[in-house]
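Engineer: The structure's right below; bear with me while I get my questions together.
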Amino acid sequence: MRAEASGGVLEITLDRPPANAVDVATSRALYEAFARLESDPGLRVGIVTAAGGRFFCAGWDLKAAAAGEATDANHGPGGFAGLTELHGRAKPVIAAVNGIAAGGGFELVLAADLVVAADHAEFRLPETGLGMIPDSGGVLRLPRRLPRPVAMELLLTGRPMTAAEARERGLVNRVVPGDQLMLAAHALADQITRSAPLAVAAVLEVLEATEECSVSSGFAALRSGTLPRYAAMLISEDAAEGPAAFAERRPATWKGR
């Protein structure tokens with residue numbers, strides 16, 4: 001696993017040939033990278049991708065399982081792959097999917113906020129064929145992202161979904177040729193870094209707090225004073241800077257306060 005920062009973007013690369021499978025140690029290393037993204041004020045966006053061109057991530061390392069790693073092993077504070085149970089994040093993560101995302105690899109993608117996929121990428125949840133279920137978020141998140149019959153088919157049969165189908169069904173933001181994947185992911189990250197950081201953090205906070213709410217309940221949450229990042233954004237210098245910059249026809253200068 002590698003983590004390299006540049007221009008406010010932390011690029012996190014899985015590098016465990018041949019299939020970038022994830023064991024407990026890898027999950028904990030990924031968590032440290034995502035924690036670094038959250039804690040470093042100079043970082044605005046994370047991109048998680050993988051080395052090689054065939055696999056983004058094959059999911060749980062079944063060789064580690066065969067060697068004794070339990071199905072309920074403690075993968076650390078962020079859960080499997082360091083992100084699937086990392087709640088309350090203030091900075092978005094883009095998954096740049098360069099190949100097959102299977103099992104926990106697909107669940108890692110589902111835990112990201114935005115997805116860019118190479119045109120040869122595939123997504124699948126084969127767990128039922130292995131005597132398990134995708135309980136690192138797949139069984140929870142997929143039915144919220146897809147029509148229930150489609151999600152059920154993927155969960156129960158393990159059949160692959162192509163990048164084109166994932167784009168058509170709204171699971172993926174961009175599908176690009178493989179050699180353009182990281183350019184597209186960084187272009188999306190750059191667009192985010194031009195937005196006010198407190199506003200980005202507030203969007204993530206409000207979405208997480210209200211995703212399962214009715215609109216009226218969502219408004220009640222907004223007005224309740226219980227969303228600290230939203231409240232901080234409302235009274236921030238950046239909230240004044242945005243309209244001022246617009247009126248003066250100049251780029252905004254964000255201070256994050």
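Chain labels follow the order of the structure tokens: the first chain is A, the next B, and so on; residue numbering restarts at 1 in every chain, and ligands are counted from 1 in their shown order.
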For Asn98 in chain A, find every residue with an atom within 7 Å (counting only C-alpha atoms), except residues of its own chain fewer than 2 positions away, and show them as a list in words.
Structural biologist: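 These residues fall inside the cut-off: Ala50, Gly53, Phe55, Phe56, Ala96, Ala117, Ala118, Ala121 and Gly178 of chain A.
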Engineer: Where does DSSP see strand (DSSP E) in range 49-251 of chain A, if you list the residues as JSON, numbers by chain?
Structural biologist: {"A": [49, 50, 55, 56, 57, 93, 94, 95, 96, 97, 100, 101, 102, 114, 115, 116, 117, 118, 122, 123, 124, 161, 162, 174, 175, 176]}
Engineer: Could you jot down the CA of Asp23 in chain A to CA of His75 in chain A separation for me, Å, one decimal place?
Structural biologist: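 Result for CA of Asp23 in chain A versus CA of His75 in chain A: 7.9 Å, one decimal.
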Engineer: Could you check how far CA of Lys91 in chain A sits from CA of Ser27 in chain A, in Å to one decimal?
Structural biologist: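 Result for CA of Lys91 in chain A versus CA of Ser27 in chain A: 19.0 Å, one decimal.
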Engineer: So that I can check the surroundings of range 223-240 of chain A, please list as a list of chain:residue names every protein, DNA and RNA residue that reaches within 8 Å of it, counting only C-alpha atoms and ignoring chain neighbours fewer than 2 positions away.
Structural biologist: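 Here the qualifying residues turn out to be A:Ala196, A:Leu198, A:Ala199, A:Ala201, A:Ala202, A:Val203, A:Glu205, A:Val206, A:Phe219, A:Ala220, A:Ala221, A:Gly242, A:Pro243, A:Ala244, A:Thr253, A:Trp254, A:Lys255, A:Gly256, A:Arg257.
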Engineer: Mind writing the picked residues with all heavy atoms as a compact mmCIF listing (two decimals), in the first residue's frame?
Structural biologist:
```txt
# COMPACT_ATOMS: atom_id res chain seq x y z
N ALA A 196 -15.30 25.28 -1.38
CA ALA A 196 -14.94 25.64 -0.01
C ALA A 196 -14.86 24.39 0.85
O ALA A 196 -15.80 23.58 0.89
CB ALA A 196 -15.97 26.60 0.56
N LEU A 198 -15.09 23.83 4.11
CA LEU A 198 -16.12 23.67 5.13
C LEU A 198 -17.47 23.29 4.51
O LEU A 198 -18.24 22.54 5.11
CB LEU A 198 -16.27 24.96 5.95
CG LEU A 198 -15.07 25.36 6.81
CD1 LEU A 198 -15.38 26.63 7.60
CD2 LEU A 198 -14.65 24.24 7.75
N ALA A 199 -17.73 23.80 3.32
CA ALA A 199 -18.97 23.44 2.62
C ALA A 199 -18.94 21.98 2.20
O ALA A 199 -19.95 21.26 2.30
CB ALA A 199 -19.18 24.35 1.41
N ALA A 201 -17.27 19.57 3.68
CA ALA A 201 -17.45 18.80 4.91
C ALA A 201 -18.90 18.81 5.37
O ALA A 201 -19.43 17.79 5.85
CB ALA A 201 -16.55 19.37 6.01
N ALA A 202 -19.57 19.95 5.21
CA ALA A 202 -20.97 20.05 5.62
C ALA A 202 -21.87 19.18 4.74
O ALA A 202 -22.81 18.55 5.23
CB ALA A 202 -21.43 21.50 5.57
N VAL A 203 -21.59 19.14 3.44
CA VAL A 203 -22.36 18.27 2.55
C VAL A 203 -22.27 16.82 3.02
O VAL A 203 -23.28 16.11 3.13
CB VAL A 203 -21.88 18.40 1.10
CG1 VAL A 203 -22.43 17.26 0.24
CG2 VAL A 203 -22.30 19.73 0.50
N GLU A 205 -21.52 15.67 5.97
CA GLU A 205 -22.17 15.51 7.27
C GLU A 205 -23.69 15.45 7.13
O GLU A 205 -24.35 14.56 7.71
CB GLU A 205 -21.80 16.68 8.19
CG GLU A 205 -22.46 16.61 9.56
CD GLU A 205 -22.16 17.84 10.40
OE1 GLU A 205 -22.38 18.97 9.89
OE2 GLU A 205 -21.71 17.67 11.53
N VAL A 206 -24.26 16.36 6.35
CA VAL A 206 -25.71 16.40 6.20
C VAL A 206 -26.21 15.15 5.48
O VAL A 206 -27.23 14.56 5.87
CB VAL A 206 -26.14 17.68 5.46
CG1 VAL A 206 -27.62 17.63 5.11
CG2 VAL A 206 -25.85 18.91 6.31
N PHE A 219 -35.00 18.39 7.19
CA PHE A 219 -35.01 19.81 7.57
C PHE A 219 -34.94 19.98 9.08
O PHE A 219 -34.28 20.88 9.59
CB PHE A 219 -36.25 20.51 7.01
CG PHE A 219 -36.06 21.06 5.63
CD1 PHE A 219 -36.74 20.54 4.56
CD2 PHE A 219 -35.18 22.12 5.41
CE1 PHE A 219 -36.56 21.04 3.28
CE2 PHE A 219 -34.99 22.64 4.14
CZ PHE A 219 -35.68 22.09 3.06
N ALA A 220 -35.62 19.11 9.80
CA ALA A 220 -35.57 19.18 11.27
C ALA A 220 -34.14 18.96 11.76
O ALA A 220 -33.68 19.65 12.69
CB ALA A 220 -36.51 18.14 11.87
N ALA A 221 -33.43 18.04 11.12
CA ALA A 221 -32.03 17.82 11.50
C ALA A 221 -31.18 19.04 11.19
O ALA A 221 -30.32 19.44 11.99
CB ALA A 221 -31.49 16.59 10.78
N GLY A 242 -17.45 33.60 -0.33
CA GLY A 242 -18.03 33.12 -1.58
C GLY A 242 -18.88 34.16 -2.29
O GLY A 242 -18.63 34.48 -3.47
N PRO A 243 -19.89 34.73 -1.64
CA PRO A 243 -20.69 35.78 -2.29
C PRO A 243 -19.88 37.02 -2.65
O PRO A 243 -20.11 37.65 -3.69
CB PRO A 243 -21.76 36.10 -1.24
CG PRO A 243 -21.85 34.87 -0.41
CD PRO A 243 -20.47 34.31 -0.36
N ALA A 244 -18.91 37.37 -1.80
CA ALA A 244 -18.08 38.55 -2.09
C ALA A 244 -17.26 38.33 -3.36
O ALA A 244 -17.17 39.21 -4.22
CB ALA A 244 -17.16 38.85 -0.91
N THR A 253 -11.03 32.96 -2.33
CA THR A 253 -9.88 32.50 -1.56
C THR A 253 -10.39 31.85 -0.29
O THR A 253 -10.84 32.53 0.63
CB THR A 253 -8.93 33.68 -1.22
OG1 THR A 253 -8.49 34.31 -2.43
CG2 THR A 253 -7.73 33.20 -0.42
N TRP A 254 -10.34 30.53 -0.25
CA TRP A 254 -10.89 29.80 0.89
C TRP A 254 -9.86 29.70 2.01
O TRP A 254 -8.69 29.41 1.76
CB TRP A 254 -11.32 28.41 0.47
CG TRP A 254 -12.25 28.36 -0.70
CD1 TRP A 254 -12.06 27.70 -1.86
CD2 TRP A 254 -13.54 28.99 -0.81
NE1 TRP A 254 -13.12 27.87 -2.70
CE2 TRP A 254 -14.05 28.66 -2.08
CE3 TRP A 254 -14.31 29.80 0.03
CZ2 TRP A 254 -15.29 29.11 -2.53
CZ3 TRP A 254 -15.54 30.25 -0.41
CH2 TRP A 254 -16.02 29.91 -1.67
N LYS A 255 -10.31 29.92 3.22
CA LYS A 255 -9.43 29.82 4.38
C LYS A 255 -9.76 28.62 5.26
O LYS A 255 -9.03 28.31 6.19
CB LYS A 255 -9.54 31.10 5.23
CG LYS A 255 -9.06 32.35 4.48
CD LYS A 255 -9.21 33.58 5.36
CE LYS A 255 -8.72 34.83 4.62
NZ LYS A 255 -8.91 36.04 5.47
N GLY A 256 -10.88 27.99 5.01
CA GLY A 256 -11.28 26.85 5.84
C GLY A 256 -11.68 27.26 7.23
O GLY A 256 -11.60 26.47 8.18
N ARG A 257 -12.15 28.49 7.34
CA ARG A 257 -12.63 28.95 8.65
C ARG A 257 -13.69 30.04 8.47
O ARG A 257 -13.88 30.53 7.40
CB ARG A 257 -11.47 29.50 9.49
CG ARG A 257 -10.73 30.68 8.93
CD ARG A 257 -9.68 31.17 9.91
NE ARG A 257 -9.11 32.43 9.49
CZ ARG A 257 -8.01 32.55 8.74
NH1 ARG A 257 -7.36 31.49 8.34
NH2 ARG A 257 -7.54 33.75 8.40
```
Engineer: If you count only C-alpha atoms, which residues fall within 10 Å of Cys57 in chain A, apart from same-chain ones fewer than 5 positions away, as a VMD selection string?
Structural biologist: chain A and resid 14 to 22 49 to 51 81 97 to 109 123
Engineer: Between A:Met1, A:Leu154, A:Leu114, A:Ile12, which is the closest to Asn173 in chain A once you count only C-alpha atoms?
Structural biologist: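 Result for the nearest residue to Asn173 in chain A: A:Leu114.
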Engineer: Check range 147-234 of chain A with DSSP on the backbone and list each residue it calls helix (DSSP H, G or I), as JSON, numbers by chain.
Structural biologist: {"A": [148, 149, 150, 151, 152, 153, 154, 155, 156, 157, 163, 164, 165, 166, 167, 168, 178, 179, 180, 181, 182, 183, 184, 185, 186, 187, 188, 189, 190, 191, 192, 193, 197, 198, 199, 200, 201, 202, 203, 204, 205, 206, 207, 208, 209, 210, 215, 216, 217, 218, 219, 220, 221, 222, 223, 228, 229, 230, 231, 232, 233, 234]}
Engineer: For Ala90 in chain A, which of A:Pro41, A:Pro177, A:Pro143, A:Pro160 is the closest residue, counting only C-alpha atoms?
Structural biologist: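 Nearest candidate to Ala90 in chain A out of A:Pro41, A:Pro177, A:Pro143, A:Pro160: A:Pro41.
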Engineer: Give me, as a compact mmCIF listing (two decimals) with C-alpha atoms, in the first residue's frame, all polymer residues having an atom no more than 12 Å from Asp135 in chain A, counting only C-alpha atoms and skipping those fewer than 2 positions away in the same chain.
Structural biologist:
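Saved as around.txt:
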```
# COMPACT_ATOMS: atom_id res chain seq x y z
CA GLY A 59 -11.70 -8.49 -1.67
CA TRP A 60 -10.83 -10.49 1.41
CA THR A 71 -14.23 -14.19 9.05
CA ASP A 72 -14.93 -11.90 12.01
CA GLY A 79 -13.54 -1.78 9.18
CA PHE A 80 -12.61 -3.86 6.16
CA THR A 84 -16.21 0.55 4.87
CA GLU A 85 -17.01 1.49 8.49
CA GLY A 103 -16.40 -8.91 -2.88
CA GLY A 104 -14.76 -6.59 -0.40
CA PHE A 106 -16.70 -3.80 -4.50
CA GLU A 107 -17.63 -2.92 -0.92
CA LEU A 108 -14.63 -0.56 -0.79
CA LEU A 125 -20.24 -9.82 -4.99
CA PRO A 126 -19.49 -13.55 -5.09
CA GLU A 127 -19.83 -14.18 -1.34
CA THR A 128 -22.94 -16.41 -1.40
CA MET A 132 -20.77 -16.03 3.17
CA ILE A 133 -22.51 -12.70 2.61
CA GLY A 137 -21.34 -2.92 3.45
CA GLY A 138 -22.41 -4.68 0.26
CA VAL A 139 -25.64 -6.10 1.66
CA LEU A 140 -26.39 -2.71 3.27
CA ARG A 141 -25.32 -0.18 0.66
CA LEU A 142 -26.12 -1.87 -2.66
CA LEU A 155 -26.19 -10.27 -4.11
```
Engineer: Please indicate the distance in Å from CA of Arg2 in chain A to CA of Ile192 in chain A, rounded to one decimal place.
Structural biologist: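 Those two atoms sit 22.3 Å apart.
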